[in-house]
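Coordinates as given in start.pdb (PDB, C-alpha atoms, pLDDT in the B column):
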```pdb
ATOM      1  CA  ASN A1164       5.713 -12.194  16.015  1.00 74.00           C
ATOM      2  CA  ALA A1165       2.837  -9.706  15.657  1.00 81.00           C
ATOM      3  CA  GLY A1166       4.202  -7.851  12.597  1.00 93.00           C
ATOM      4  CA  VAL A1167       2.699  -4.364  12.315  1.00 95.00           C
ATOM      5  CA  THR A1168      -0.038  -3.380  14.750  1.00 95.00           C
ATOM      6  CA  GLN A1169      -2.155  -0.227  14.849  1.00 97.00           C
ATOM      7  CA  THR A1170      -4.128   1.362  17.661  1.00 96.00           C
ATOM      8  CA  PRO A1171      -7.036   2.133  17.640  1.00 96.00           C
ATOM      9  CA  LYS A1172      -8.945   0.207  14.970  1.00 95.00           C
ATOM     10  CA  PHE A1173     -11.829   2.675  14.795  1.00 96.00           C
ATOM     11  CA  ARG A1174     -12.338   6.242  15.956  1.00 96.00           C
ATOM     12  CA  VAL A1175     -14.946   8.944  15.552  1.00 97.00           C
ATOM     13  CA  LEU A1176     -13.894  12.548  16.140  1.00 97.00           C
ATOM     14  CA  LYS A1177     -15.637  15.874  16.046  1.00 97.00           C
ATOM     15  CA  THR A1178     -14.191  18.674  13.934  1.00 97.00           C
ATOM     16  CA  GLY A1179     -11.377  20.378  15.810  1.00 97.00           C
ATOM     17  CA  GLN A1180     -10.563  17.479  18.134  1.00 97.00           C
ATOM     18  CA  SER A1181      -7.102  15.964  18.239  1.00 96.00           C
ATOM     19  CA  MET A1182      -5.902  12.390  18.369  1.00 96.00           C
ATOM     20  CA  THR A1183      -2.835  10.201  17.971  1.00 97.00           C
ATOM     21  CA  LEU A1184      -2.632   6.958  16.017  1.00 97.00           C
ATOM     22  CA  LEU A1185      -0.021   4.490  17.194  1.00 97.00           C
ATOM     23  CA  CYS A1186       1.874   2.096  14.970  1.00 98.00           C
ATOM     24  CA  ALA A1187       4.216  -0.570  16.324  1.00 97.00           C
ATOM     25  CA  GLN A1188       6.385  -3.118  14.503  1.00 97.00           C
ATOM     26  CA  ASP A1189       8.438  -5.971  15.930  1.00 96.00           C
ATOM     27  CA  MET A1190      10.554  -6.761  12.837  1.00 95.00           C
ATOM     28  CA  ASN A1191      13.365  -4.319  13.619  1.00 95.00           C
ATOM     29  CA  HIS A1192      12.658  -2.386  10.412  1.00 95.00           C
ATOM     30  CA  GLU A1193      14.356   0.939   9.836  1.00 94.00           C
ATOM     31  CA  TYR A1194      11.710   2.414   7.532  1.00 94.00           C
ATOM     32  CA  MET A1195       8.152   3.219   8.584  1.00 95.00           C
ATOM     33  CA  TYR A1196       5.323   4.935   6.710  1.00 95.00           C
ATOM     34  CA  TRP A1197       1.862   6.376   7.225  1.00 97.00           C
ATOM     35  CA  TYR A1198      -0.643   6.216   4.368  1.00 96.00           C
ATOM     36  CA  ARG A1199      -4.242   7.201   3.934  1.00 97.00           C
ATOM     37  CA  GLN A1200      -6.639   5.265   1.729  1.00 94.00           C
ATOM     38  CA  ASP A1201      -9.615   6.962   0.147  1.00 93.00           C
ATOM     39  CA  PRO A1202     -12.127   5.337  -2.218  1.00 87.00           C
ATOM     40  CA  GLY A1203     -10.923   5.169  -5.807  1.00 83.00           C
ATOM     41  CA  MET A1204      -7.553   6.767  -5.007  1.00 85.00           C
ATOM     42  CA  GLY A1205      -5.273   3.989  -3.865  1.00 87.00           C
ATOM     43  CA  LEU A1206      -2.913   4.804  -0.991  1.00 92.00           C
ATOM     44  CA  ARG A1207      -1.203   8.143  -0.545  1.00 94.00           C
ATOM     45  CA  LEU A1208       1.874   8.681   1.602  1.00 93.00           C
ATOM     46  CA  ILE A1209       1.438  11.140   4.489  1.00 96.00           C
ATOM     47  CA  HIS A1210       4.810  10.957   6.285  1.00 96.00           C
ATOM     48  CA  TYR A1211       7.637   8.496   6.521  1.00 94.00           C
ATOM     49  CA  SER A1212      10.694   7.770   8.645  1.00 95.00           C
ATOM     50  CA  VAL A1213      14.060   6.290   7.642  1.00 92.00           C
ATOM     51  CA  GLY A1214      15.149   5.614  11.206  1.00 93.00           C
ATOM     52  CA  GLU A1215      14.704   6.410  14.862  1.00 95.00           C
ATOM     53  CA  GLY A1216      14.490  10.155  15.457  1.00 94.00           C
ATOM     54  CA  THR A1217      13.928  11.032  11.772  1.00 94.00           C
ATOM     55  CA  THR A1218      10.755  11.941   9.907  1.00 95.00           C
ATOM     56  CA  ALA A1219       9.952  13.409   6.498  1.00 93.00           C
ATOM     57  CA  LYS A1220       6.936  14.641   4.561  1.00 94.00           C
ATOM     58  CA  GLY A1221       5.265  12.516   1.968  1.00 92.00           C
ATOM     59  CA  GLU A1222       2.676  13.353  -0.657  1.00 90.00           C
ATOM     60  CA  VAL A1223      -0.153  14.665   1.578  1.00 95.00           C
ATOM     61  CA  PRO A1224       1.386  15.873   4.888  1.00 96.00           C
ATOM     62  CA  ASP A1225      -0.812  18.900   5.625  1.00 96.00           C
ATOM     63  CA  GLY A1226      -2.793  18.615   8.872  1.00 96.00           C
ATOM     64  CA  TYR A1227      -0.669  15.756  10.227  1.00 98.00           C
ATOM     65  CA  ASN A1228       2.408  15.453  12.403  1.00 97.00           C
ATOM     66  CA  VAL A1229       4.518  12.405  13.228  1.00 97.00           C
ATOM     67  CA  SER A1230       7.156  11.280  15.669  1.00 97.00           C
ATOM     68  CA  ARG A1231       9.561   8.332  15.813  1.00 97.00           C
ATOM     69  CA  LEU A1232      11.088   8.405  19.276  1.00 95.00           C
ATOM     70  CA  LYS A1233      11.634   4.655  19.339  1.00 96.00           C
ATOM     71  CA  LYS A1234      12.617   2.484  16.391  1.00 96.00           C
ATOM     72  CA  GLN A1235       9.609   0.211  16.787  1.00 97.00           C
ATOM     73  CA  ASN A1236       6.966   2.959  17.065  1.00 97.00           C
ATOM     74  CA  PHE A1237       5.687   5.562  14.619  1.00 98.00           C
ATOM     75  CA  LEU A1238       2.993   7.969  15.814  1.00 98.00           C
ATOM     76  CA  LEU A1239       0.630   9.963  13.600  1.00 98.00           C
ATOM     77  CA  GLY A1240      -1.050  13.010  15.119  1.00 98.00           C
ATOM     78  CA  LEU A1241      -3.995  15.095  14.034  1.00 96.00           C
ATOM     79  CA  GLU A1242      -3.932  18.399  15.911  1.00 92.00           C
ATOM     80  CA  SER A1243      -7.291  19.743  14.731  1.00 96.00           C
ATOM     81  CA  ALA A1244      -9.314  17.169  12.836  1.00 96.00           C
ATOM     82  CA  ALA A1245     -11.280  18.139   9.734  1.00 97.00           C
ATOM     83  CA  PRO A1246     -13.947  16.180   7.813  1.00 97.00           C
ATOM     84  CA  SER A1247     -11.492  15.910   4.900  1.00 96.00           C
ATOM     85  CA  GLN A1248      -9.361  13.681   7.135  1.00 97.00           C
ATOM     86  CA  THR A1249     -12.060  11.017   7.242  1.00 97.00           C
ATOM     87  CA  SER A1250     -10.199   8.037   5.808  1.00 97.00           C
ATOM     88  CA  VAL A1251      -8.628   4.687   6.518  1.00 95.00           C
ATOM     89  CA  TYR A1252      -5.060   5.066   7.781  1.00 97.00           C
ATOM     90  CA  PHE A1253      -2.434   2.403   7.240  1.00 96.00           C
ATOM     91  CA  CYS A1254       0.960   2.119   8.797  1.00 97.00           C
ATOM     92  CA  ALA A1255       3.677   0.123   7.059  1.00 95.00           C
ATOM     93  CA  SER A1256       7.280  -0.802   7.636  1.00 95.00           C
ATOM     94  CA  SER A1257      10.119  -2.138   5.504  1.00 93.00           C
ATOM     95  CA  TYR A1258      13.670  -3.355   5.988  1.00 91.00           C
ATOM     96  CA  GLY A1259      15.019  -1.087   3.250  1.00 85.00           C
ATOM     97  CA  LEU A1260      13.791   1.483   0.772  1.00 82.00           C
ATOM     98  CA  ALA A1261      10.158   0.955  -0.249  1.00 81.00           C
ATOM     99  CA  GLY A1262      11.117   1.077  -3.894  1.00 81.00           C
ATOM    100  CA  TYR A1263      13.020  -2.200  -3.652  1.00 82.00           C
ATOM    101  CA  ASN A1264      11.631  -3.914  -0.591  1.00 85.00           C
ATOM    102  CA  GLU A1265       8.379  -5.427   0.554  1.00 89.00           C
ATOM    103  CA  GLN A1266       6.305  -3.225   2.823  1.00 92.00           C
ATOM    104  CA  PHE A1267       4.460  -4.861   5.692  1.00 94.00           C
ATOM    105  CA  PHE A1268       1.132  -3.238   6.487  1.00 94.00           C
ATOM    106  CA  GLY A1269      -0.924  -2.979   9.631  1.00 95.00           C
ATOM    107  CA  PRO A1270      -4.666  -3.720   9.625  1.00 93.00           C
ATOM    108  CA  GLY A1271      -5.645  -0.055   9.413  1.00 95.00           C
ATOM    109  CA  THR A1272      -7.473   2.549  11.477  1.00 96.00           C
ATOM    110  CA  ARG A1273     -10.852   3.732  10.238  1.00 96.00           C
ATOM    111  CA  LEU A1274     -11.286   7.382  11.223  1.00 97.00           C
ATOM    112  CA  THR A1275     -14.467   9.404  10.833  1.00 97.00           C
ATOM    113  CA  VAL A1276     -14.477  13.146  11.462  1.00 97.00           C
ATOM    114  CA  LEU A1277     -17.909  14.674  11.935  1.00 97.00           C
TER     115      LEU A1277
ATOM    116  CA  ALA B1237       7.603  11.399 -12.369  1.00 72.00           C
ATOM    117  CA  GLN B1238       5.947   8.047 -11.837  1.00 81.00           C
ATOM    118  CA  SER B1239       2.318   7.029 -12.112  1.00 89.00           C
ATOM    119  CA  VAL B1240       0.257   3.911 -12.566  1.00 93.00           C
ATOM    120  CA  THR B1241      -3.122   3.229 -14.168  1.00 95.00           C
ATOM    121  CA  GLN B1242      -5.190   0.170 -13.414  1.00 96.00           C
ATOM    122  CA  LEU B1243      -7.392  -0.264 -16.423  1.00 96.00           C
ATOM    123  CA  ASP B1244     -10.287  -2.036 -14.688  1.00 95.00           C
ATOM    124  CA  SER B1245     -11.914  -0.884 -11.479  1.00 95.00           C
ATOM    125  CA  HIS B1246     -13.826  -4.152 -11.129  1.00 97.00           C
ATOM    126  CA  VAL B1247     -13.312  -7.656 -12.524  1.00 98.00           C
ATOM    127  CA  SER B1248     -15.755 -10.522 -12.076  1.00 98.00           C
ATOM    128  CA  VAL B1249     -14.743 -14.112 -12.846  1.00 97.00           C
ATOM    129  CA  SER B1250     -16.113 -17.592 -12.272  1.00 97.00           C
ATOM    130  CA  GLU B1251     -14.260 -19.936  -9.945  1.00 97.00           C
ATOM    131  CA  GLY B1252     -11.756 -22.001 -11.906  1.00 97.00           C
ATOM    132  CA  THR B1253     -11.411 -19.515 -14.796  1.00 98.00           C
ATOM    133  CA  PRO B1254      -8.400 -17.277 -15.504  1.00 97.00           C
ATOM    134  CA  VAL B1255      -7.938 -13.886 -13.897  1.00 97.00           C
ATOM    135  CA  LEU B1256      -6.334 -10.910 -15.693  1.00 98.00           C
ATOM    136  CA  LEU B1257      -5.750  -7.586 -13.963  1.00 98.00           C
ATOM    137  CA  ARG B1258      -4.282  -4.887 -16.181  1.00 98.00           C
ATOM    138  CA  CYS B1259      -1.760  -2.263 -15.118  1.00 97.00           C
ATOM    139  CA  ASN B1260       0.078   0.376 -17.155  1.00 97.00           C
ATOM    140  CA  TYR B1261       2.797   2.514 -15.644  1.00 94.00           C
ATOM    141  CA  SER B1262       4.765   5.657 -16.371  1.00 91.00           C
ATOM    142  CA  SER B1263       8.281   6.068 -15.054  1.00 83.00           C
ATOM    143  CA  SER B1264      11.259   8.300 -15.758  1.00 75.00           C
ATOM    144  CA  TYR B1265      13.750   5.702 -14.583  1.00 75.00           C
ATOM    145  CA  SER B1266      14.120   1.976 -14.462  1.00 80.00           C
ATOM    146  CA  PRO B1267      11.063   1.195 -12.351  1.00 86.00           C
ATOM    147  CA  SER B1268      10.321  -1.236  -9.587  1.00 89.00           C
ATOM    148  CA  LEU B1269       6.807  -2.649  -9.811  1.00 92.00           C
ATOM    149  CA  PHE B1270       4.670  -4.430  -7.257  1.00 94.00           C
ATOM    150  CA  TRP B1271       1.282  -6.027  -6.906  1.00 97.00           C
ATOM    151  CA  TYR B1272      -0.344  -5.937  -3.477  1.00 96.00           C
ATOM    152  CA  VAL B1273      -3.610  -7.589  -2.411  1.00 96.00           C
ATOM    153  CA  GLN B1274      -6.018  -6.312   0.226  1.00 94.00           C
ATOM    154  CA  HIS B1275      -8.660  -8.614   1.626  1.00 94.00           C
ATOM    155  CA  PRO B1276     -11.703  -7.002   3.280  1.00 89.00           C
ATOM    156  CA  ASN B1277     -10.838  -5.093   6.452  1.00 84.00           C
ATOM    157  CA  LYS B1278      -7.183  -6.150   6.247  1.00 87.00           C
ATOM    158  CA  GLY B1279      -3.890  -4.469   5.479  1.00 89.00           C
ATOM    159  CA  LEU B1280      -2.124  -4.893   2.145  1.00 93.00           C
ATOM    160  CA  GLN B1281       0.008  -7.950   1.448  1.00 95.00           C
ATOM    161  CA  LEU B1282       2.697  -8.283  -1.199  1.00 95.00           C
ATOM    162  CA  LEU B1283       1.852 -10.674  -4.048  1.00 97.00           C
ATOM    163  CA  LEU B1284       4.967 -10.168  -6.141  1.00 95.00           C
ATOM    164  CA  LYS B1285       7.563  -7.615  -7.202  1.00 92.00           C
ATOM    165  CA  TYR B1286       9.721  -6.772 -10.210  1.00 91.00           C
ATOM    166  CA  THR B1287      13.063  -5.038  -9.625  1.00 83.00           C
ATOM    167  CA  SER B1288      14.927  -5.391 -12.959  1.00 75.00           C
ATOM    168  CA  ALA B1289      15.592  -9.117 -12.830  1.00 74.00           C
ATOM    169  CA  ALA B1290      13.502 -11.679 -14.757  1.00 84.00           C
ATOM    170  CA  THR B1291      10.604 -10.085 -16.647  1.00 88.00           C
ATOM    171  CA  LEU B1292       8.197 -12.882 -15.712  1.00 94.00           C
ATOM    172  CA  VAL B1293       7.666 -12.723 -11.989  1.00 95.00           C
ATOM    173  CA  LYS B1294       6.017 -15.444  -9.963  1.00 95.00           C
ATOM    174  CA  GLY B1295       4.278 -14.580  -6.715  1.00 95.00           C
ATOM    175  CA  ILE B1296       2.284 -16.196  -3.975  1.00 95.00           C
ATOM    176  CA  ASN B1297      -0.976 -18.117  -4.392  1.00 94.00           C
ATOM    177  CA  GLY B1298      -0.361 -18.919  -8.070  1.00 96.00           C
ATOM    178  CA  PHE B1299      -0.221 -15.327  -9.321  1.00 97.00           C
ATOM    179  CA  GLU B1300       2.327 -14.102 -11.828  1.00 97.00           C
ATOM    180  CA  ALA B1301       3.011 -10.879 -13.724  1.00 97.00           C
ATOM    181  CA  GLU B1302       5.021  -9.990 -16.801  1.00 94.00           C
ATOM    182  CA  PHE B1303       7.009  -6.768 -17.152  1.00 93.00           C
ATOM    183  CA  LYS B1304       6.765  -5.450 -20.717  1.00 93.00           C
ATOM    184  CA  LYS B1305       8.889  -2.357 -21.135  1.00 90.00           C
ATOM    185  CA  SER B1306       7.787  -1.697 -24.725  1.00 91.00           C
ATOM    186  CA  GLU B1307       4.141  -1.629 -23.631  1.00 93.00           C
ATOM    187  CA  THR B1308       4.824  -0.070 -20.192  1.00 93.00           C
ATOM    188  CA  SER B1309       2.625  -2.753 -18.693  1.00 96.00           C
ATOM    189  CA  PHE B1310       2.743  -5.084 -15.703  1.00 96.00           C
ATOM    190  CA  HIS B1311      -0.401  -7.210 -15.937  1.00 98.00           C
ATOM    191  CA  LEU B1312      -1.258  -9.723 -13.202  1.00 98.00           C
ATOM    192  CA  THR B1313      -2.617 -13.164 -14.071  1.00 98.00           C
ATOM    193  CA  LYS B1314      -3.720 -16.374 -12.427  1.00 98.00           C
ATOM    194  CA  PRO B1315      -4.723 -19.460 -14.418  1.00 97.00           C
ATOM    195  CA  SER B1316      -7.568 -20.558 -12.169  1.00 97.00           C
ATOM    196  CA  ALA B1317      -9.452 -18.302  -9.767  1.00 97.00           C
ATOM    197  CA  HIS B1318     -10.360 -19.448  -6.273  1.00 97.00           C
ATOM    198  CA  MET B1319     -13.033 -18.021  -4.015  1.00 96.00           C
ATOM    199  CA  SER B1320     -10.303 -16.799  -1.671  1.00 96.00           C
ATOM    200  CA  ASP B1321      -8.973 -14.526  -4.456  1.00 97.00           C
ATOM    201  CA  ALA B1322     -11.889 -12.153  -3.951  1.00 97.00           C
ATOM    202  CA  ALA B1323     -10.134  -8.975  -2.820  1.00 97.00           C
ATOM    203  CA  GLU B1324      -8.828  -5.612  -3.992  1.00 95.00           C
ATOM    204  CA  TYR B1325      -5.575  -5.559  -5.919  1.00 97.00           C
ATOM    205  CA  PHE B1326      -3.179  -2.643  -6.217  1.00 96.00           C
ATOM    206  CA  CYS B1327      -0.472  -2.105  -8.811  1.00 96.00           C
ATOM    207  CA  VAL B1328       2.397  -0.008  -7.455  1.00 94.00           C
ATOM    208  CA  VAL B1329       5.380   1.670  -9.151  1.00 91.00           C
ATOM    209  CA  SER B1330       8.549   3.230  -7.800  1.00 87.00           C
ATOM    210  CA  ASP B1331      11.176   5.269  -9.671  1.00 78.00           C
ATOM    211  CA  GLY B1332      14.706   4.112  -9.023  1.00 64.00           C
ATOM    212  CA  GLY B1333      14.117   2.506  -5.658  1.00 59.00           C
ATOM    213  CA  ASP B1334      13.042   5.683  -3.909  1.00 66.00           C
ATOM    214  CA  TYR B1335      10.976   5.812  -0.723  1.00 71.00           C
ATOM    215  CA  LYS B1336       8.012   7.075  -2.714  1.00 78.00           C
ATOM    216  CA  LEU B1337       5.552   4.645  -4.224  1.00 87.00           C
ATOM    217  CA  SER B1338       2.652   5.464  -6.531  1.00 89.00           C
ATOM    218  CA  PHE B1339      -0.393   3.284  -6.028  1.00 92.00           C
ATOM    219  CA  GLY B1340      -3.025   2.587  -8.617  1.00 94.00           C
ATOM    220  CA  ALA B1341      -6.669   3.153  -7.733  1.00 94.00           C
ATOM    221  CA  GLY B1342      -7.207  -0.579  -7.263  1.00 95.00           C
ATOM    222  CA  THR B1343      -9.133  -3.379  -8.973  1.00 96.00           C
ATOM    223  CA  THR B1344     -11.825  -5.200  -7.050  1.00 96.00           C
ATOM    224  CA  VAL B1345     -12.061  -8.894  -7.936  1.00 98.00           C
ATOM    225  CA  THR B1346     -15.285 -10.808  -7.440  1.00 97.00           C
ATOM    226  CA  VAL B1347     -15.277 -14.601  -7.811  1.00 97.00           C
ATOM    227  CA  ARG B1348     -18.558 -16.307  -8.675  1.00 97.00           C
ATOM    228  CA  ALA B1349     -19.211 -19.854  -7.524  1.00 95.00           C
TER     229      ALA B1349
END
```

Represent the supplied structure as structure tokens.
Amino acid sequence: NAGVTQTPKFRVLKTGQSMTLLCAQDMNHEYMYWYRQDPGMGLRLIHYSVGEGTTAKGEVPDGYNVSRLKKQNFLLGLESAAPSQTSVYFCASSYGLAGYNEQFFGPGTRLTVL
Amino acid sequence: AQSVTQLDSHVSVSEGTPVLLRCNYSSSYSPSLFWYVQHPNKGLQLLLKYTSAATLVKGINGFEAEFKKSETSFHLTKPSAHMSDAAEYFCVVSDGGDYKLSFGAGTTVTVRA
């Protein structure tokens, strides 16, 4: 039982390049989330999904897109990376609504945009 | 609207002494409150949660927190710190069980031998 896994662990991009971060969970959770963590700011929600085939915007969605084609996977895309997107990205999943239920987090992806 | 303030950005304690991490929240509804811990280069892990049941909540690894509505606080405590408690701790609030959580800025705990 691997829990929540994220690929890759580290990445360096140049401004304007694109990339996709992959999140996978093996707990059969309906809800999945993408957060970014910046120093002194806690975590901020980028996008979330309440089930296969559904996605919704969170607090800071600009510059990101997501897809949930399979229940176990949640992809985060950056179409044209900017230095302001340098951050640590965390994926999480939960059985029910985050407000009542424990979220399980992946180990994070550290992204640097030059 | 919901928000959370962690009153200390850094706390340093000696091993074996008590730990107190302070959190104040703002919520328009009956809130759910959480404490998560993040060890270096790891994802966050749930320590404990309050969802309108008992006001004193016990979590993992000897941590507990008390929900005080009159003071809008949810402080985290542990009677005796261990070296393995060195980590960053996040207080989190949610209004009415929504998908949206508000995270505090975090408190870094250092444990001195």

Quiz prompt | Residue neighbourhood B:Ser1250, 10 Å, all atoms listed in the file, exclusion window fewer than 4 positions, as a ChimeraX atom specification | solution = /B:1254-1255,1316-1319,1346-1349

Exercise. Apply the PyMOL selection byres ((chain A) within 6 of (chain B)) to the structure shown and report the selected residues as a VMD selection string.
Key: chain A and resid 1203 to 1206 1260 to 1263 1268 to 1270

Quiz item: For A:Trp1197, which residue out of A:Ser1212, A:Ser1250, A:Gln1235, A:Ser1243 is the nearest one, using only C-alpha atoms?
Solution: A:Ser1212

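Against the coordinates shown, the PyMOL selection byres ((chain B and resi 1295-1297) around 10) returns B:Trp1271, B:Leu1282, B:Leu1283, B:Leu1284, B:Lys1285, B:Leu1292, B:Val1293, B:Lys1294, B:Gly1298, B:Phe1299, B:Glu1300, B:Ala1301, B:Leu1312, B:Lys1314, B:His1318, B:Ser1320, B:Asp1321.
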
Quiz prompt | For atom CA of A:Gln1188 and atom CA of A:Tyr1227, the interatomic separation in Å (one decimal) | solution = 20.6 Å

Quiz item: Just how far from atom CA of A:Leu1176 is atom CA of A:Ala1219, in Å to one decimal?
Solution: 25.7 Å

Please supply stretch 1277-1295 of chain B, rebuilt with N, CA and C atoms, as a compact mmCIF listing (two decimals), in the frame of the given file.
```txt
# COMPACT_ATOMS: atom_id res chain seq x y z
N ASN B 1277 -11.18 -5.52 5.08
CA ASN B 1277 -10.84 -5.09 6.45
C ASN B 1277 -9.46 -5.57 6.90
N LYS B 1278 -8.56 -5.74 5.95
CA LYS B 1278 -7.18 -6.15 6.25
C LYS B 1278 -6.20 -5.15 5.66
N GLY B 1279 -4.95 -5.25 6.10
CA GLY B 1279 -3.89 -4.47 5.48
C GLY B 1279 -3.46 -5.09 4.16
N LEU B 1280 -2.60 -4.40 3.43
CA LEU B 1280 -2.12 -4.89 2.14
C LEU B 1280 -1.04 -5.94 2.34
N GLN B 1281 -0.99 -6.88 1.41
CA GLN B 1281 0.01 -7.95 1.45
C GLN B 1281 0.67 -8.05 0.08
N LEU B 1282 1.98 -8.19 0.06
CA LEU B 1282 2.70 -8.28 -1.20
C LEU B 1282 2.40 -9.60 -1.91
N LEU B 1283 2.02 -9.49 -3.20
CA LEU B 1283 1.85 -10.67 -4.05
C LEU B 1283 3.14 -11.00 -4.78
N LEU B 1284 3.73 -9.97 -5.39
CA LEU B 1284 4.97 -10.17 -6.14
C LEU B 1284 5.60 -8.81 -6.44
N LYS B 1285 6.88 -8.86 -6.86
CA LYS B 1285 7.56 -7.62 -7.20
C LYS B 1285 8.53 -7.84 -8.35
N TYR B 1286 8.74 -6.79 -9.13
CA TYR B 1286 9.72 -6.77 -10.21
C TYR B 1286 10.73 -5.66 -9.91
N THR B 1287 12.03 -6.05 -9.88
CA THR B 1287 13.06 -5.04 -9.62
C THR B 1287 14.24 -5.26 -10.57
N SER B 1288 13.95 -5.33 -11.87
CA SER B 1288 14.93 -5.39 -12.96
C SER B 1288 15.64 -6.72 -13.07
N ALA B 1289 15.05 -7.77 -12.61
CA ALA B 1289 15.59 -9.12 -12.83
C ALA B 1289 14.76 -9.77 -13.94
N ALA B 1290 14.30 -10.99 -13.75
CA ALA B 1290 13.50 -11.68 -14.76
C ALA B 1290 12.20 -10.93 -15.03
N THR B 1291 11.81 -10.86 -16.30
CA THR B 1291 10.60 -10.09 -16.65
C THR B 1291 9.32 -10.81 -16.28
N LEU B 1292 9.36 -12.13 -16.17
CA LEU B 1292 8.20 -12.88 -15.71
C LEU B 1292 8.40 -13.17 -14.23
N VAL B 1293 7.50 -12.64 -13.43
CA VAL B 1293 7.67 -12.72 -11.99
C VAL B 1293 6.57 -13.61 -11.40
N LYS B 1294 6.98 -14.56 -10.62
CA LYS B 1294 6.02 -15.44 -9.96
C LYS B 1294 5.83 -14.99 -8.51
N GLY B 1295 4.57 -15.02 -8.07
CA GLY B 1295 4.28 -14.58 -6.72
C GLY B 1295 3.61 -15.67 -5.90
```
